[in-house]
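For reference, the structure discussed in these notes is given below.
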Amino acid sequence: MADTEHTHQPPPTAEEDSPLPYSPPLASVEVESVAEAEEHHSAVTVVEKEGPLTEPPPEPITLVAVEHVSITVADKEAEGVTESVEKKPESLVSFKEESNKVSDLSDSERKALEDLKHLVQESVKNQSFTTAKTPSDLPEEVSIWGVPLLKDDRSDVILLKFLRAREFNVKEAFAMLKNTILWRKEFNIEELVDENLGDDVEKVVFMDGHDKEGHPVCYNVYGEFQNKELYNKTFGDEEKRNKFLRWRVQFLEKSIRKLDFSPGGINTIFQVSDLKNSPGPGKRELRIATRQALQLLQDNYPEFVAKQVFINVPWWYLAFYTMISPFMTHRTKSKFVFAGPSKTAETLYKYISPEQVPVQYGGLSVDYCECNPEFTFNDPATEIIVKPATKQTVEIIVNEKCSIIWELRVLGWEVTYSAEYVPNTDSGYTVNIQKPRKMTAADEPVVSSSFKIVELGKILLTIDNPTSKKKKLLYRFKDKPYSD
């Protein structure tokens with residue numbers, strides 16, 4: 001990621017000690033009145049402008065009228081009240097998470113929950129959840145995912161997962177719960193959580209950010225197994241496959257224990273599976289391990305997937321999916337979304353904000369050590385569509401001395417990017433922060449820069465799109481107090 005810093009030191013003027021009044025451009029749409037803006041003491045205002053290129057490409061393209069949108073720094077977290085280009089996530093499948101509040105359940109669902117709680121209570125009393133040959137005189141305490149059953153309303157959330165996995169058939173849900181509890185003891189889950197299984201596959205499965213509804217996001221990157229050494233080390237024989245399975249269960253257990261099992265809490269995970277360069281169905285060892293993991297997770301971890309998005313889906317995966325589909329419930333399959341390579345970023349943006357999406361998938365999230373440390377998940381990005389043969393300019397209008405830090409990217413680039421500072425006064429001078437630079441798909445995905453301002457004016461970030469395709473621009477910025 002390119003990271004540069006610029007400082008503008010203009011010649012002293014008679015007006016330097018008193019801030020110049022700010023007059024918004026006539027074409028802008030103000031979010032708030034001038035009086036309200038002064039109460040926020042915002043350092044800058046943003047104006048987004050769109051217009052045709054000076055020399056459009058030869059293809060016949062209908063250009064749209066110039067559009068302007070103004071927002072203030074104080075309102076960046078509430079951009080939903082403006083004419084924003086950001087959209088709410090769209091549901092691509094029919095599945096929608098149900099409420100875990102008892103008051104929201106139907107009468108039949110509420111009765112099923114009470115019946116299941118009664119069965120659990122009797123089983124705890126009779127110690128039928130234990131694997132010990134000799135029953136104990138002490139009452140059995142049963143916990144699952146760190147939640148003790150029947151102790152508080154978190155237990156209702158757990159039991160509802162099993163009921164929904166079995167379509168509220170109480171007997172089947174109880175049988176599933178009992179089998180899960182016994183399996184957890186046989187698998188030594190509590191000891192497994194603290195076991196050191198190495199970090200060989202930490203790049204294969206990892207957590208990164210949250211979706212727009214607050215679910216933690218888990219990425220599964222199967223292309224890592226193109227590395228023959230890693231593949232053989234992970235799936236070479238039954239012992240290695242079992243170790244990988246234990247690692248996968250351990251990873252899931254640790255992730256689940258960070259969830260909120262209160263009735264209104266987030267207790268599911270958003271799954272993303274990247275199939276780019278994934279080993280094909282001809283890999284017998286991987287096929288066996290996948291089937292084992294799928295069966296184990298479906299039998300013992302019900303209703304923990306909020307959404308399962310497959311990205312970079314190759315042609316052969318549909319055949320593979322058809323093969324494993326019979327092993328999955330209809331409810332599980334209803335959560336699936338598929339996206340080819342060209343639709344990966346677009347699909348993820350429907351559910352995850354750009355600042356939460358990893359850079360390799362079209363977003364702004366990168367490892368802290370590799371990025372501009374000024375930005376985090378909490379700094380929202382703005383999305384703009386740059387239409388074909390148009391020029392998009394983001395004006396950061398400065399209302400007081402400060403330092404401006406920004407970062408931006410255009411998915412797939414193939415555009416020209418430039419940045420300049422324009423002072424308000426005639427006695428000032430324009431500074432080329434970044435001369436027009438042609439950005440290609442091979443260039444760094446995100447450009448980061450900063451600029452110190454001691455004279456009021458504006459920073460212009462310009463994207464020229466000479467192609468016949470629309471482009472998506474992402475940008476975010478922040479201002480910091482000025483310091484010499």
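Residue numbers start at 1 in each chain; chains themselves are named A, B, ... in the order of the structure tokens; ligands are numbered from 1 in the order shown.
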- [ ] Within region 205-418 of chain A, find each residue whose DSSP state, derived from the backbone, is helix (DSSP H, G or I), and express the selection as a PyMOL selection string.
- [x] chain A and resi 222-226+228-235+238-256+284-300+317-327+330-333+341-349+354-356+359-361+368-370
Task: Picked from region 209-326 of chain A by DSSP as strand (DSSP E or B), as a ChimeraX atom specification - done: /A:209-210,216-221,269-274,305-311
I want to know what sits within 12 Å of Gly282 (chain A), based on only C-alpha atoms, with residues of the same chain fewer than 2 positions away left out; could you give that as a CSV table (one decimal) with N, CA and C atoms, in the first residue's frame?
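Dumped to around.csv:
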chain,number,residue,atom,x,y,z
A,278,SER,N,-8.7,-23.6,-5.8
A,278,SER,CA,-9.0,-24.7,-4.9
A,278,SER,C,-8.7,-26.0,-5.6
A,279,PRO,N,-8.1,-27.0,-4.9
A,279,PRO,CA,-7.9,-28.3,-5.5
A,279,PRO,C,-9.2,-28.9,-6.0
A,280,GLY,N,-9.2,-29.5,-7.2
A,280,GLY,CA,-10.4,-30.0,-7.8
A,280,GLY,C,-11.0,-31.3,-7.1
A,284,ARG,N,-8.7,-37.0,-3.8
A,284,ARG,CA,-9.5,-38.0,-3.0
A,284,ARG,C,-9.4,-37.6,-1.5
A,285,GLU,N,-8.2,-37.3,-1.1
A,285,GLU,CA,-7.9,-37.0,0.4
A,285,GLU,C,-8.8,-35.8,0.9
A,286,LEU,N,-8.8,-34.8,0.0
A,286,LEU,CA,-9.6,-33.6,0.4
A,286,LEU,C,-11.0,-33.9,0.4
A,287,ARG,N,-11.5,-34.7,-0.5
A,287,ARG,CA,-12.9,-35.1,-0.6
A,287,ARG,C,-13.3,-35.9,0.6
A,288,ILE,N,-12.5,-36.8,1.1
A,288,ILE,CA,-12.8,-37.5,2.3
A,288,ILE,C,-12.9,-36.6,3.5
A,316,TRP,N,-16.2,-26.4,-12.1
A,316,TRP,CA,-16.4,-27.7,-11.6
A,316,TRP,C,-17.1,-27.8,-10.3
A,317,TYR,N,-17.2,-26.7,-9.6
A,317,TYR,CA,-17.7,-26.8,-8.2
A,317,TYR,C,-19.2,-27.2,-8.2
A,319,ALA,N,-20.7,-29.4,-9.9
A,319,ALA,CA,-20.8,-30.8,-9.9
A,319,ALA,C,-20.4,-31.4,-8.5
A,320,PHE,N,-19.4,-30.8,-7.9
A,320,PHE,CA,-19.0,-31.2,-6.6
A,320,PHE,C,-20.1,-30.9,-5.6
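You will find CA of Asp484 (chain A) at 24.7 Å from CA of Val447 (chain A).
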Open item on the list: Which residue is closest to Ser155 (chain A)? Choose from A:Gly236, A:Pro263, A:Pro354, A:Pro52 and count only C-alpha atoms.
Closed with: A:Pro263
Task: Counting only C-alpha atoms, the option among A:Ile269, A:Leu182, A:Leu296, A:Ala345 closest to Gln308 (chain A) - done: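 Looking only at the distances to Gln308 (chain A), the closest residue turns out to be A:Ile269.
Among A:Thr130, A:Ile266, A:Phe235, A:Trp413, the residue with the shortest atom-to-atom distance to Asn179 (chain A), counting only C-alpha atoms, is A:Thr130.
The closest residue to Leu116 (chain A), picked from A:Ile453, A:Ile405, A:Leu150, A:Val398 and counting only C-alpha atoms, is A:Leu150.
Distances to Val422 (chain A) were evaluated for A:Ile459, A:Met439, A:Ile396, A:Ile189 using only C-alpha atoms, and the minimum falls at A:Ile459.
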Task: Top pick for closest residue to Asp237 (chain A), considering A:Val305, A:Leu275, A:Ala289, A:Met323 and counting only C-alpha atoms - done: A:Ala289
